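target12.pdb (PDB, C-alpha atoms) appears below.
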ATOM      1  CA  MET V   1     163.531 -35.649 -56.002
ATOM      2  CA  PHE V   2     163.638 -32.478 -58.058
ATOM      3  CA  GLN V   3     160.994 -30.013 -56.854
ATOM      4  CA  LEU V   4     159.575 -27.343 -59.139
ATOM      5  CA  PHE V   5     157.572 -25.821 -56.297
ATOM      6  CA  SER V   6     158.915 -25.341 -52.805
ATOM      7  CA  VAL V   7     156.726 -26.991 -50.203
ATOM      8  CA  ASN V   8     157.769 -24.256 -47.743
ATOM      9  CA  LYS V   9     156.112 -21.553 -49.812
ATOM     10  CA  THR V  10     152.476 -22.153 -50.553
ATOM     11  CA  VAL V  11     151.144 -20.840 -53.849
ATOM     12  CA  ASP V  12     147.679 -19.300 -53.644
ATOM     13  CA  PHE V  13     146.131 -21.225 -56.533
ATOM     14  CA  LEU V  14     142.583 -20.615 -55.323
ATOM     15  CA  ARG V  15     143.039 -16.868 -55.686
ATOM     16  CA  HIS V  16     142.004 -17.293 -59.325
ATOM     17  CA  ALA V  17     139.394 -19.973 -58.631
ATOM     18  CA  MET V  18     136.311 -17.801 -59.082
ATOM     19  CA  PRO V  19     137.090 -16.341 -62.552
ATOM     20  CA  ILE V  20     138.360 -19.696 -63.828
ATOM     21  CA  SER V  21     135.255 -21.448 -62.479
ATOM     22  CA  ILE V  22     133.097 -18.908 -64.291
ATOM     23  CA  MET V  23     135.103 -19.567 -67.457
ATOM     24  CA  SER V  24     134.528 -23.311 -67.008
ATOM     25  CA  MET V  25     130.778 -22.796 -66.647
ATOM     26  CA  VAL V  26     130.763 -20.666 -69.811
ATOM     27  CA  LEU V  27     132.686 -23.393 -71.668
ATOM     28  CA  VAL V  28     130.263 -26.086 -70.497
ATOM     29  CA  ILE V  29     127.227 -24.014 -71.512
ATOM     30  CA  ALA V  30     128.790 -23.170 -74.877
ATOM     31  CA  SER V  31     129.566 -26.862 -75.398
ATOM     32  CA  PHE V  32     125.950 -27.835 -74.729
ATOM     33  CA  VAL V  33     124.736 -25.125 -77.120
ATOM     34  CA  SER V  34     127.098 -26.260 -79.877
ATOM     35  CA  LEU V  35     126.211 -29.923 -79.342
ATOM     36  CA  GLY V  36     122.528 -29.033 -79.551
ATOM     37  CA  VAL V  37     122.822 -26.758 -82.594
ATOM     38  CA  GLN V  38     125.666 -28.221 -84.682
ATOM     39  CA  GLY V  39     125.913 -31.670 -83.190
ATOM     40  CA  ILE V  40     128.955 -33.874 -83.698
ATOM     41  CA  ASN V  41     130.656 -34.540 -87.003
ATOM     42  CA  TRP V  42     130.398 -38.327 -86.818
ATOM     43  CA  GLY V  43     133.017 -40.311 -88.713
ATOM     44  CA  LEU V  44     132.349 -43.271 -90.965
ATOM     45  CA  ASP V  45     132.666 -45.610 -87.972
ATOM     46  CA  PHE V  46     129.358 -44.217 -86.739
ATOM     47  CA  THR V  47     127.579 -43.060 -89.892
ATOM     48  CA  GLY V  48     128.456 -46.095 -91.992
ATOM     49  CA  GLY V  49     130.260 -46.251 -95.329
ATOM     50  CA  THR V  50     132.695 -48.221 -97.450
ATOM     51  CA  VAL V  51     136.310 -48.946 -96.524
ATOM     52  CA  ILE V  52     138.777 -49.898 -99.266
ATOM     53  CA  GLU V  53     142.308 -51.101 -98.534
ATOM     54  CA  MET V  54     144.782 -51.059-101.427
ATOM     55  CA  GLU V  55     148.451 -51.899-101.864
ATOM     56  CA  PHE V  56     150.529 -49.946-104.387
ATOM     57  CA  SER V  57     153.704 -51.225-106.010
ATOM     58  CA  ALA V  58     155.624 -48.135-104.810
ATOM     59  CA  PRO V  59     155.129 -45.406-102.180
ATOM     60  CA  VAL V  60     152.248 -43.204-103.290
ATOM     61  CA  ASP V  61     151.701 -39.464-102.930
ATOM     62  CA  LEU V  62     148.364 -39.143-101.114
ATOM     63  CA  ASN V  63     147.756 -35.604-102.398
ATOM     64  CA  ALA V  64     148.215 -36.782-105.973
ATOM     65  CA  LEU V  65     145.888 -39.717-105.298
ATOM     66  CA  ARG V  66     143.219 -37.425-103.888
ATOM     67  CA  ALA V  67     143.522 -35.164-106.932
ATOM     68  CA  THR V  68     142.676 -38.074-109.258
ATOM     69  CA  MET V  69     139.443 -38.882-107.393
ATOM     70  CA  THR V  70     137.355 -36.335-109.263
ATOM     71  CA  ALA V  71     134.497 -38.659-110.172
ATOM     72  CA  ASP V  72     131.174 -38.043-108.478
ATOM     73  CA  GLU V  73     131.212 -41.584-107.098
ATOM     74  CA  ALA V  74     134.428 -40.821-105.160
ATOM     75  CA  GLU V  75     133.166 -37.561-103.644
ATOM     76  CA  GLY V  76     133.875 -37.253 -99.930
ATOM     77  CA  ALA V  77     136.590 -39.918 -99.952
ATOM     78  CA  VAL V  78     139.015 -39.891 -97.017
ATOM     79  CA  VAL V  79     142.454 -41.087 -98.163
ATOM     80  CA  GLN V  80     145.175 -42.070 -95.705
ATOM     81  CA  ASN V  81     148.124 -44.399 -95.301
ATOM     82  CA  PHE V  82     147.494 -47.665 -93.541
ATOM     83  CA  GLY V  83     150.738 -49.040 -92.181
ATOM     84  CA  SER V  84     153.442 -48.458 -94.800
ATOM     85  CA  SER V  85     153.583 -45.706 -97.425
ATOM     86  CA  ARG V  86     152.498 -48.287-100.050
ATOM     87  CA  ASP V  87     149.314 -49.256 -98.223
ATOM     88  CA  VAL V  88     146.376 -46.879 -98.576
ATOM     89  CA  LEU V  89     142.996 -46.859 -96.859
ATOM     90  CA  VAL V  90     140.094 -45.054 -98.528
ATOM     91  CA  ARG V  91     136.861 -44.340 -96.639
ATOM     92  CA  LEU V  92     133.712 -43.430 -98.546
ATOM     93  CA  PRO V  93     130.488 -42.088 -97.006
ATOM     94  CA  VAL V  94     127.111 -43.706 -97.614
ATOM     95  CA  ARG V  95     125.352 -42.307-100.701
ATOM     96  CA  GLU V  96     121.675 -43.060-101.178
ATOM     97  CA  ASP V  97     121.938 -42.292-104.899
ATOM     98  CA  LEU V  98     124.882 -44.630-105.468
ATOM     99  CA  LYS V  99     125.710 -48.263-104.939
ATOM    100  CA  SER V 100     128.746 -49.194-102.911
ATOM    101  CA  ASP V 101     130.166 -51.175-105.874
ATOM    102  CA  ASP V 102     130.106 -48.050-108.066
ATOM    103  CA  GLN V 103     132.039 -46.105-105.445
ATOM    104  CA  VAL V 104     134.631 -48.857-105.161
ATOM    105  CA  SER V 105     135.048 -49.003-108.959
ATOM    106  CA  ALA V 106     135.583 -45.236-109.158
ATOM    107  CA  VAL V 107     138.257 -45.308-106.434
ATOM    108  CA  LEU V 108     140.025 -48.263-108.038
ATOM    109  CA  ALA V 109     140.010 -46.578-111.451
ATOM    110  CA  ALA V 110     141.531 -43.417-109.984
ATOM    111  CA  SER V 111     144.200 -45.471-108.212
ATOM    112  CA  GLN V 112     145.079 -47.395-111.395
ATOM    113  CA  SER V 113     145.652 -44.117-113.201
ATOM    114  CA  ILE V 114     148.567 -43.549-110.815
ATOM    115  CA  ASP V 115     149.780 -47.133-110.416
ATOM    116  CA  ALA V 116     148.590 -49.856-112.793
ATOM    117  CA  GLY V 117     149.879 -52.518-110.399
ATOM    118  CA  VAL V 118     147.688 -51.465-107.485
ATOM    119  CA  VAL V 119     146.040 -54.384-105.662
ATOM    120  CA  GLN V 120     142.687 -54.172-103.929
ATOM    121  CA  LYS V 121     143.206 -56.082-100.679
ATOM    122  CA  ARG V 122     139.985 -55.502 -98.758
ATOM    123  CA  VAL V 123     136.558 -53.932 -99.136
ATOM    124  CA  GLU V 124     134.203 -53.570 -96.188
ATOM    125  CA  PHE V 125     130.812 -51.939 -95.947
ATOM    126  CA  VAL V 126     129.435 -50.594 -92.662
ATOM    127  CA  GLY V 127     125.719 -49.884 -92.826
ATOM    128  CA  PRO V 128     124.137 -46.818 -91.200
ATOM    129  CA  GLN V 129     122.322 -49.018 -88.676
ATOM    130  CA  VAL V 130     125.596 -50.547 -87.499
ATOM    131  CA  GLY V 131     127.097 -47.065 -87.217
ATOM    132  CA  LYS V 132     124.132 -45.881 -85.165
ATOM    133  CA  GLU V 133     124.544 -48.825 -82.803
ATOM    134  CA  LEU V 134     128.254 -48.013 -82.428
ATOM    135  CA  ALA V 135     127.394 -44.409 -81.527
ATOM    136  CA  GLU V 136     124.877 -45.559 -78.906
ATOM    137  CA  GLN V 137     127.286 -48.105 -77.451
ATOM    138  CA  GLY V 138     130.086 -45.538 -77.393
ATOM    139  CA  GLY V 139     127.970 -43.045 -75.477
ATOM    140  CA  LEU V 140     126.868 -45.820 -73.124
ATOM    141  CA  ALA V 141     130.516 -46.748 -72.531
ATOM    142  CA  VAL V 142     131.322 -43.197 -71.398
ATOM    143  CA  ILE V 143     128.268 -43.083 -69.099
ATOM    144  CA  VAL V 144     129.063 -46.476 -67.557
ATOM    145  CA  ALA V 145     132.678 -45.402 -66.986
ATOM    146  CA  LEU V 146     131.528 -42.256 -65.165
ATOM    147  CA  ILE V 147     129.075 -44.238 -63.018
ATOM    148  CA  CYS V 148     131.751 -46.779 -62.052
ATOM    149  CA  ILE V 149     134.119 -43.955 -61.174
ATOM    150  CA  LEU V 150     131.386 -42.312 -59.066
ATOM    151  CA  ILE V 151     130.959 -45.559 -57.105
ATOM    152  CA  TYR V 152     134.724 -45.913 -56.646
ATOM    153  CA  VAL V 153     135.388 -42.374 -55.397
ATOM    154  CA  SER V 154     132.287 -42.508 -53.164
ATOM    155  CA  PHE V 155     133.859 -45.404 -51.247
ATOM    156  CA  ARG V 156     137.354 -43.925 -51.230
ATOM    157  CA  PHE V 157     136.628 -40.283 -50.371
ATOM    158  CA  GLU V 158     134.190 -38.216 -48.352
ATOM    159  CA  TRP V 159     131.121 -37.365 -50.439
ATOM    160  CA  ARG V 160     132.122 -33.720 -50.942
ATOM    161  CA  LEU V 161     135.402 -34.768 -52.523
ATOM    162  CA  ALA V 162     133.633 -37.472 -54.518
ATOM    163  CA  ALA V 163     131.163 -34.926 -55.904
ATOM    164  CA  GLY V 164     134.031 -32.645 -56.912
ATOM    165  CA  SER V 165     135.869 -35.415 -58.766
ATOM    166  CA  VAL V 166     132.772 -36.520 -60.694
ATOM    167  CA  ALA V 167     131.954 -32.905 -61.593
ATOM    168  CA  ALA V 168     135.505 -32.461 -62.893
ATOM    169  CA  LEU V 169     135.249 -35.605 -65.037
ATOM    170  CA  ALA V 170     131.908 -34.535 -66.500
ATOM    171  CA  HIS V 171     133.398 -31.086 -67.163
ATOM    172  CA  ASP V 172     136.365 -32.599 -69.038
ATOM    173  CA  VAL V 173     134.183 -34.830 -71.230
ATOM    174  CA  ILE V 174     131.659 -32.081 -72.046
ATOM    175  CA  VAL V 175     134.290 -29.440 -72.901
ATOM    176  CA  THR V 176     136.270 -31.875 -75.077
ATOM    177  CA  LEU V 177     133.105 -32.867 -76.949
ATOM    178  CA  GLY V 178     132.223 -29.180 -77.252
ATOM    179  CA  VAL V 179     135.525 -28.360 -78.953
ATOM    180  CA  PHE V 180     134.988 -31.198 -81.445
ATOM    181  CA  SER V 181     131.474 -29.871 -82.073
ATOM    182  CA  VAL V 182     132.490 -26.212 -82.499
ATOM    183  CA  LEU V 183     135.370 -27.032 -84.865
ATOM    184  CA  GLN V 184     133.390 -29.858 -86.512
ATOM    185  CA  LEU V 185     136.317 -32.238 -86.133
ATOM    186  CA  GLU V 186     135.570 -35.785 -87.202
ATOM    187  CA  PHE V 187     134.555 -38.005 -84.298
ATOM    188  CA  ASP V 188     135.399 -41.670 -84.853
ATOM    189  CA  LEU V 189     136.245 -44.670 -82.691
ATOM    190  CA  THR V 190     139.813 -43.465 -82.092
ATOM    191  CA  VAL V 191     138.448 -40.196 -80.670
ATOM    192  CA  LEU V 192     136.114 -42.181 -78.422
ATOM    193  CA  ALA V 193     139.112 -44.159 -77.178
ATOM    194  CA  GLY V 194     140.925 -40.873 -76.541
ATOM    195  CA  LEU V 195     137.925 -39.558 -74.611
ATOM    196  CA  LEU V 196     137.899 -42.600 -72.332
ATOM    197  CA  THR V 197     141.657 -42.199 -71.853
ATOM    198  CA  VAL V 198     141.081 -38.583 -70.822
ATOM    199  CA  VAL V 199     138.594 -39.739 -68.174
ATOM    200  CA  GLY V 200     141.206 -42.042 -66.633
ATOM    201  CA  TYR V 201     143.991 -39.462 -66.872
ATOM    202  CA  SER V 202     141.919 -36.710 -65.265
ATOM    203  CA  LEU V 203     140.713 -39.008 -62.479
ATOM    204  CA  ASN V 204     144.275 -40.054 -61.645
ATOM    205  CA  ASP V 205     145.369 -36.416 -61.364
ATOM    206  CA  THR V 206     142.388 -35.558 -59.154
ATOM    207  CA  ILE V 207     142.967 -38.530 -56.824
ATOM    208  CA  VAL V 208     146.608 -37.533 -56.296
ATOM    209  CA  VAL V 209     145.488 -34.047 -55.212
ATOM    210  CA  TYR V 210     142.671 -35.445 -53.065
ATOM    211  CA  ASP V 211     144.961 -37.880 -51.236
ATOM    212  CA  ARG V 212     147.220 -34.995 -50.258
ATOM    213  CA  ILE V 213     144.246 -32.836 -49.227
ATOM    214  CA  ARG V 214     142.940 -35.594 -46.956
ATOM    215  CA  GLU V 215     146.393 -36.147 -45.484
ATOM    216  CA  ASN V 216     146.934 -32.440 -44.795
ATOM    217  CA  PHE V 217     143.516 -32.009 -43.200
ATOM    218  CA  LEU V 218     144.643 -34.576 -40.620
ATOM    219  CA  LYS V 219     148.197 -33.214 -40.212
ATOM    220  CA  MET V 220     147.599 -29.459 -40.209
ATOM    221  CA  ARG V 221     145.839 -28.518 -36.990
ATOM    222  CA  LYS V 222     145.515 -24.894 -37.999
ATOM    223  CA  GLY V 223     144.514 -23.328 -41.264
ATOM    224  CA  THR V 224     141.368 -22.722 -43.238
ATOM    225  CA  PRO V 225     140.181 -25.247 -45.835
ATOM    226  CA  GLU V 226     141.411 -22.861 -48.561
ATOM    227  CA  GLU V 227     144.906 -22.753 -47.018
ATOM    228  CA  ILE V 228     145.053 -26.541 -46.673
ATOM    229  CA  VAL V 229     143.899 -27.069 -50.267
ATOM    230  CA  ASN V 230     146.454 -24.528 -51.540
ATOM    231  CA  THR V 231     149.188 -26.294 -49.593
ATOM    232  CA  SER V 232     148.132 -29.679 -50.993
ATOM    233  CA  ILE V 233     148.060 -28.434 -54.577
ATOM    234  CA  THR V 234     151.482 -26.805 -54.130
ATOM    235  CA  GLN V 235     152.962 -30.045 -52.776
ATOM    236  CA  THR V 236     151.626 -32.088 -55.699
ATOM    237  CA  MET V 237     152.341 -29.507 -58.412
ATOM    238  CA  SER V 238     155.843 -30.814 -59.143
ATOM    239  CA  ARG V 239     154.416 -34.245 -59.825
ATOM    240  CA  THR V 240     151.639 -32.729 -61.973
ATOM    241  CA  VAL V 241     154.031 -30.631 -64.068
ATOM    242  CA  ILE V 242     156.473 -33.484 -64.666
ATOM    243  CA  THR V 243     153.767 -36.048 -65.460
ATOM    244  CA  THR V 244     151.820 -33.693 -67.713
ATOM    245  CA  GLY V 245     154.972 -32.481 -69.451
ATOM    246  CA  THR V 246     156.257 -35.954 -70.310
ATOM    247  CA  THR V 247     152.801 -37.024 -71.468
ATOM    248  CA  LEU V 248     152.475 -33.947 -73.669
ATOM    249  CA  ILE V 249     155.802 -34.691 -75.362
ATOM    250  CA  THR V 250     154.466 -38.065 -76.475
ATOM    251  CA  VAL V 251     151.016 -36.788 -77.448
ATOM    252  CA  ILE V 252     152.404 -33.840 -79.433
ATOM    253  CA  ALA V 253     154.666 -36.254 -81.316
ATOM    254  CA  LEU V 254     151.615 -38.395 -82.136
ATOM    255  CA  PHE V 255     149.664 -35.303 -83.154
ATOM    256  CA  LEU V 256     152.385 -34.047 -85.519
ATOM    257  CA  LYS V 257     153.867 -37.280 -86.844
ATOM    258  CA  GLY V 258     151.367 -40.017 -86.043
ATOM    259  CA  GLY V 259     149.455 -39.736 -89.304
ATOM    260  CA  THR V 260     145.773 -39.266 -89.986
ATOM    261  CA  MET V 261     144.808 -42.637 -88.517
ATOM    262  CA  ILE V 262     145.394 -41.438 -84.942
ATOM    263  CA  HIS V 263     145.117 -37.691 -85.483
ATOM    264  CA  GLY V 264     141.713 -37.564 -83.806
ATOM    265  CA  PHE V 265     142.963 -39.664 -80.888
ATOM    266  CA  ALA V 266     145.919 -37.318 -80.336
ATOM    267  CA  THR V 267     143.662 -34.251 -80.623
ATOM    268  CA  ALA V 268     141.298 -35.587 -77.960
ATOM    269  CA  LEU V 269     144.242 -36.343 -75.663
ATOM    270  CA  LEU V 270     145.755 -32.876 -76.126
ATOM    271  CA  LEU V 271     142.466 -31.222 -75.238
ATOM    272  CA  GLY V 272     141.797 -33.624 -72.381
ATOM    273  CA  ILE V 273     145.221 -33.264 -70.766
ATOM    274  CA  PHE V 274     144.947 -29.471 -70.714
ATOM    275  CA  VAL V 275     141.347 -29.395 -69.490
ATOM    276  CA  GLY V 276     141.822 -32.274 -67.035
ATOM    277  CA  THR V 277     144.895 -30.735 -65.407
ATOM    278  CA  TYR V 278     143.276 -27.431 -64.516
ATOM    279  CA  SER V 279     139.916 -29.013 -63.627
ATOM    280  CA  SER V 280     141.621 -31.017 -60.864
ATOM    281  CA  ILE V 281     142.346 -27.695 -59.164
ATOM    282  CA  TYR V 282     139.655 -25.267 -60.213
ATOM    283  CA  VAL V 283     136.700 -27.634 -60.529
ATOM    284  CA  ALA V 284     137.256 -30.646 -58.269
ATOM    285  CA  SER V 285     139.041 -28.994 -55.336
ATOM    286  CA  TYR V 286     137.183 -25.685 -55.480
ATOM    287  CA  LEU V 287     133.793 -27.402 -55.601
ATOM    288  CA  ALA V 288     134.700 -29.460 -52.519
ATOM    289  CA  ILE V 289     135.466 -26.216 -50.672
ATOM    290  CA  LYS V 290     132.176 -24.680 -51.773
ATOM    291  CA  LEU V 291     130.379 -27.783 -50.464
ATOM    292  CA  GLY V 292     131.881 -27.066 -47.029
ATOM    293  CA  ILE V 293     134.710 -29.580 -46.690
ATOM    294  CA  ASN V 294     136.608 -29.250 -43.394
ATOM    295  CA  ARG V 295     138.851 -31.204 -41.034
ATOM    296  CA  GLU V 296     135.982 -32.861 -39.154
ATOM    297  CA  HIS V 297     134.856 -34.548 -42.364
ATOM    298  CA  MET V 298     138.268 -36.200 -42.746
ATOM    299  CA  LEU V 299     138.392 -37.701 -39.251
ATOM    300  CA  PRO V 300     137.730 -41.465 -39.086
ATOM    301  CA  VAL V 301     134.483 -42.513 -37.476
ATOM    302  CA  GLU V 302     135.038 -43.620 -33.891
ATOM    303  CA  ILE V 303     133.538 -47.016 -33.150
ATOM    304  CA  GLU V 304     132.473 -47.433 -29.553
ATOM    305  CA  LYS V 305     133.611 -50.759 -28.176
ATOM    306  CA  GLU V 306     131.031 -52.970 -26.550
ATOM    307  CA  GLY V 307     131.141 -52.630 -22.771
ATOM    308  CA  ALA V 308     133.346 -49.530 -22.876
ATOM    309  CA  ASP V 309     130.741 -47.575 -20.915
ATOM    310  CA  GLN V 310     130.490 -50.203 -18.158
ATOM    311  CA  PRO V 311     132.411 -49.649 -14.885
ATOM    312  CA  SER V 312     135.444 -51.810 -14.393
ATOM    313  CA  MET V 313     135.045 -54.732 -11.981
ATOM    314  CA  MET V 314     138.759 -54.822 -11.213
ATOM    315  CA  PRO V 315     139.691 -53.739  -7.649
TER     316      PRO V 315
END
Here is a file; write its structure as structure tokens.
Amino acid sequence: MFQLFSVNKTVDFLRHAMPISIMSMVLVIASFVSLGVQGINWGLDFTGGTVIEMEFSAPVDLNALRATMTADEAEGAVVQNFGSSRDVLVRLPVREDLKSDDQVSAVLAASQSIDAGVVQKRVEFVGPQVGKELAEQGGLAVIVALICILIYVSFRFEWRLAAGSVAALAHDVIVTLGVFSVLQLEFDLTVLAGLLTVVGYSLNDTIVVYDRIRENFLKMRKGTPEEIVNTSITQTMSRTVITTGTTLITVIALFLKGGTMIHGFATALLLGIFVGTYSSIYVASYLAIKLGINREHMLPVEIEKEGADQPSMMP
């Protein structure tokens, strides 16, 4: 198989571990500060609102459609294609001073000014209480996923490696949420799905590195933990580069050409792939070293057989 990194020449990845770890801690702290001060820009899936699906008789220019929605009732409308270029989805935030029917009438009037043959196919209203429950359930889903992963890696790896992998996952989730908070990007259900995908992607990358670290601790009789970890990362780097590169090609295509419906999903994946790739090295592996991982921790526990300490009765 094509190798981007020679296994005969070990790259000293951990040489930069300290400054990058400090950068990660700064990013996590900044993310917490932003989440506490600015919060998250929740989308209509979580805050509630009105969703209107319309079908036009011909492909419609979304910018022109947005320009016609000047009425106060249509303020804050999110306009996007839904399927084909003739199908349009309009999302309206909850307004305490307006009824949902008035908002729908204003949007339909603006649409008819562009295309008299427009057909209103669906109108749905999501109340604020339902949105709040979705936000709580979404956060609970992320927490449950992290707990299940903690249980899994605790059985599969020595506790120092398990702690490093869980810390890396928490780091990836917090930093990704922090970027959405700082930039005030809309956070909807597609972003939540992207966040859960990031958790799985990052864990897979970390487990590949950890499997090689465990294998090399048993194979390499000499060498410090830092040297063994560097060797393991070097040996898996070709796989990491190829996997990450092919994934990025797809995600960038979704980000640029996927449309507004999955723009948040693609944004979360782009952030998560970048953060998750380097956290496998500079958070997960480096933390395991700082916790004192060594060869003795990788050795299987010897089980003393019953009667092994008794003298043989054979002549």
Picked residues, the PyMOL selection byres ((chain V and resi 260-276) around 8), expected as a PyMOL selection string: chain V and resi 80-82+168-169+172-173+175-176+185-188+190-195+197-198+201-202+205+244+248+251-252+254-255+258-259+277-280
Which residue of V:Ser154, V:Thr68, V:Thr50, V:Gln120 approaches Asp102 of chain V most closely, using all atoms listed in the file: V:Thr50
Distance criterion (only C-alpha atoms): nearest to Glu136 of chain V out of V:Phe46, V:Phe217, V:Phe13, V:Phe157: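 Closest to Glu136 of chain V of all the choices is V:Phe46.
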Evaluate the PyMOL selection byres ((chain V and resi 288) around 12) on the structure here and hand back the selected residues as a tab-separated table (two decimals) with C-alpha atoms, keeping the file's coordinate frame.
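Saved result, expr.tsv, follows:
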chain	number	residue	atom	x	y	z
V	157	PHE	CA	136.63	-40.28	-50.37
V	158	GLU	CA	134.19	-38.22	-48.35
V	159	TRP	CA	131.12	-37.36	-50.44
V	160	ARG	CA	132.12	-33.72	-50.94
V	161	LEU	CA	135.40	-34.77	-52.52
V	162	ALA	CA	133.63	-37.47	-54.52
V	163	ALA	CA	131.16	-34.93	-55.90
V	164	GLY	CA	134.03	-32.65	-56.91
V	165	SER	CA	135.87	-35.42	-58.77
V	166	VAL	CA	132.77	-36.52	-60.69
V	167	ALA	CA	131.95	-32.90	-61.59
V	168	ALA	CA	135.50	-32.46	-62.89
V	206	THR	CA	142.39	-35.56	-59.15
V	210	TYR	CA	142.67	-35.44	-53.06
V	213	ILE	CA	144.25	-32.84	-49.23
V	214	ARG	CA	142.94	-35.59	-46.96
V	225	PRO	CA	140.18	-25.25	-45.84
V	226	GLU	CA	141.41	-22.86	-48.56
V	229	VAL	CA	143.90	-27.07	-50.27
V	280	SER	CA	141.62	-31.02	-60.86
V	281	ILE	CA	142.35	-27.70	-59.16
V	282	TYR	CA	139.66	-25.27	-60.21
V	283	VAL	CA	136.70	-27.63	-60.53
V	284	ALA	CA	137.26	-30.65	-58.27
V	285	SER	CA	139.04	-28.99	-55.34
V	286	TYR	CA	137.18	-25.68	-55.48
V	287	LEU	CA	133.79	-27.40	-55.60
V	289	ILE	CA	135.47	-26.22	-50.67
V	290	LYS	CA	132.18	-24.68	-51.77
V	291	LEU	CA	130.38	-27.78	-50.46
V	292	GLY	CA	131.88	-27.07	-47.03
V	293	ILE	CA	134.71	-29.58	-46.69
V	294	ASN	CA	136.61	-29.25	-43.39
V	297	HIS	CA	134.86	-34.55	-42.36
Near-Thr236 of chain V list (8 Å; only C-alpha atoms; drop same-chain fewer than 5 positions) as a list of chain:residue names: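 Selected residues are V:Val208, V:Val209, V:Arg212.
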Which residues of segment 196-268 of chain V have any atom within 12 Å of an atom in segment 14-34 of chain V when counting all atoms listed in the file, and what is the closest pair of atoms for each, with the distance in Å to one decimal? Order the rows by chain and rising number and write it as JSON lines.
{"residue": "V:Pro225", "atom": "CA", "partner": "V:Leu14", "partner_atom": "CA", "distance": 10.8}
{"residue": "V:Glu226", "atom": "CA", "partner": "V:Leu14", "partner_atom": "CA", "distance": 7.2}
{"residue": "V:Glu227", "atom": "CA", "partner": "V:Leu14", "partner_atom": "CA", "distance": 8.9}
{"residue": "V:Ile228", "atom": "CA", "partner": "V:Leu14", "partner_atom": "CA", "distance": 10.8}
{"residue": "V:Val229", "atom": "CA", "partner": "V:Leu14", "partner_atom": "CA", "distance": 8.3}
{"residue": "V:Asn230", "atom": "CA", "partner": "V:Leu14", "partner_atom": "CA", "distance": 6.7}
{"residue": "V:Thr231", "atom": "CA", "partner": "V:Leu14", "partner_atom": "CA", "distance": 10.4}
{"residue": "V:Ser232", "atom": "CA", "partner": "V:Leu14", "partner_atom": "CA", "distance": 11.5}
{"residue": "V:Ile233", "atom": "CA", "partner": "V:Leu14", "partner_atom": "CA", "distance": 9.6}
{"residue": "V:Thr234", "atom": "CA", "partner": "V:Leu14", "partner_atom": "CA", "distance": 10.9}
Top pick for closest residue to Ala71 of chain V, considering V:Leu92, V:Ala106, V:Gln38, V:Val51 and counting all atoms listed in the file: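 Looking at the shortest contact to Ala71 of chain V, the residue is V:Ala106.
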Among listed residues V:Ala170, V:Leu183, V:Met220, V:Ala141, nearest Leu196 of chain V (using only C-alpha atoms):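 Ranked by minimum distance to Leu196 of chain V, first place goes to V:Ala141.
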Residues matched by the PyMOL selection byres ((chain V and resi 123) around 6), written as a PyMOL selection string: chain V and resi 51-52+122+124
Distance query Ala109 of chain V at most 12 Å, only C-alpha atoms, self and fewer than 2 positions along chain excluded, as a list in words: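 Returned residues: Met54, Leu65, Thr68, Met69, Thr70, Ala71, Glu73, Ala74, Asp102, Gln103, Val104, Ser105, Ala106, Val107, Ser111, Gln112, Ser113, Ile114, Asp115, Ala116, Gly117, Val118, Val119 and Gln120 of chain V.
Relative to atom CA of Ala145 of chain V, atom CA of Trp42 of chain V is found at 21.2 Å.
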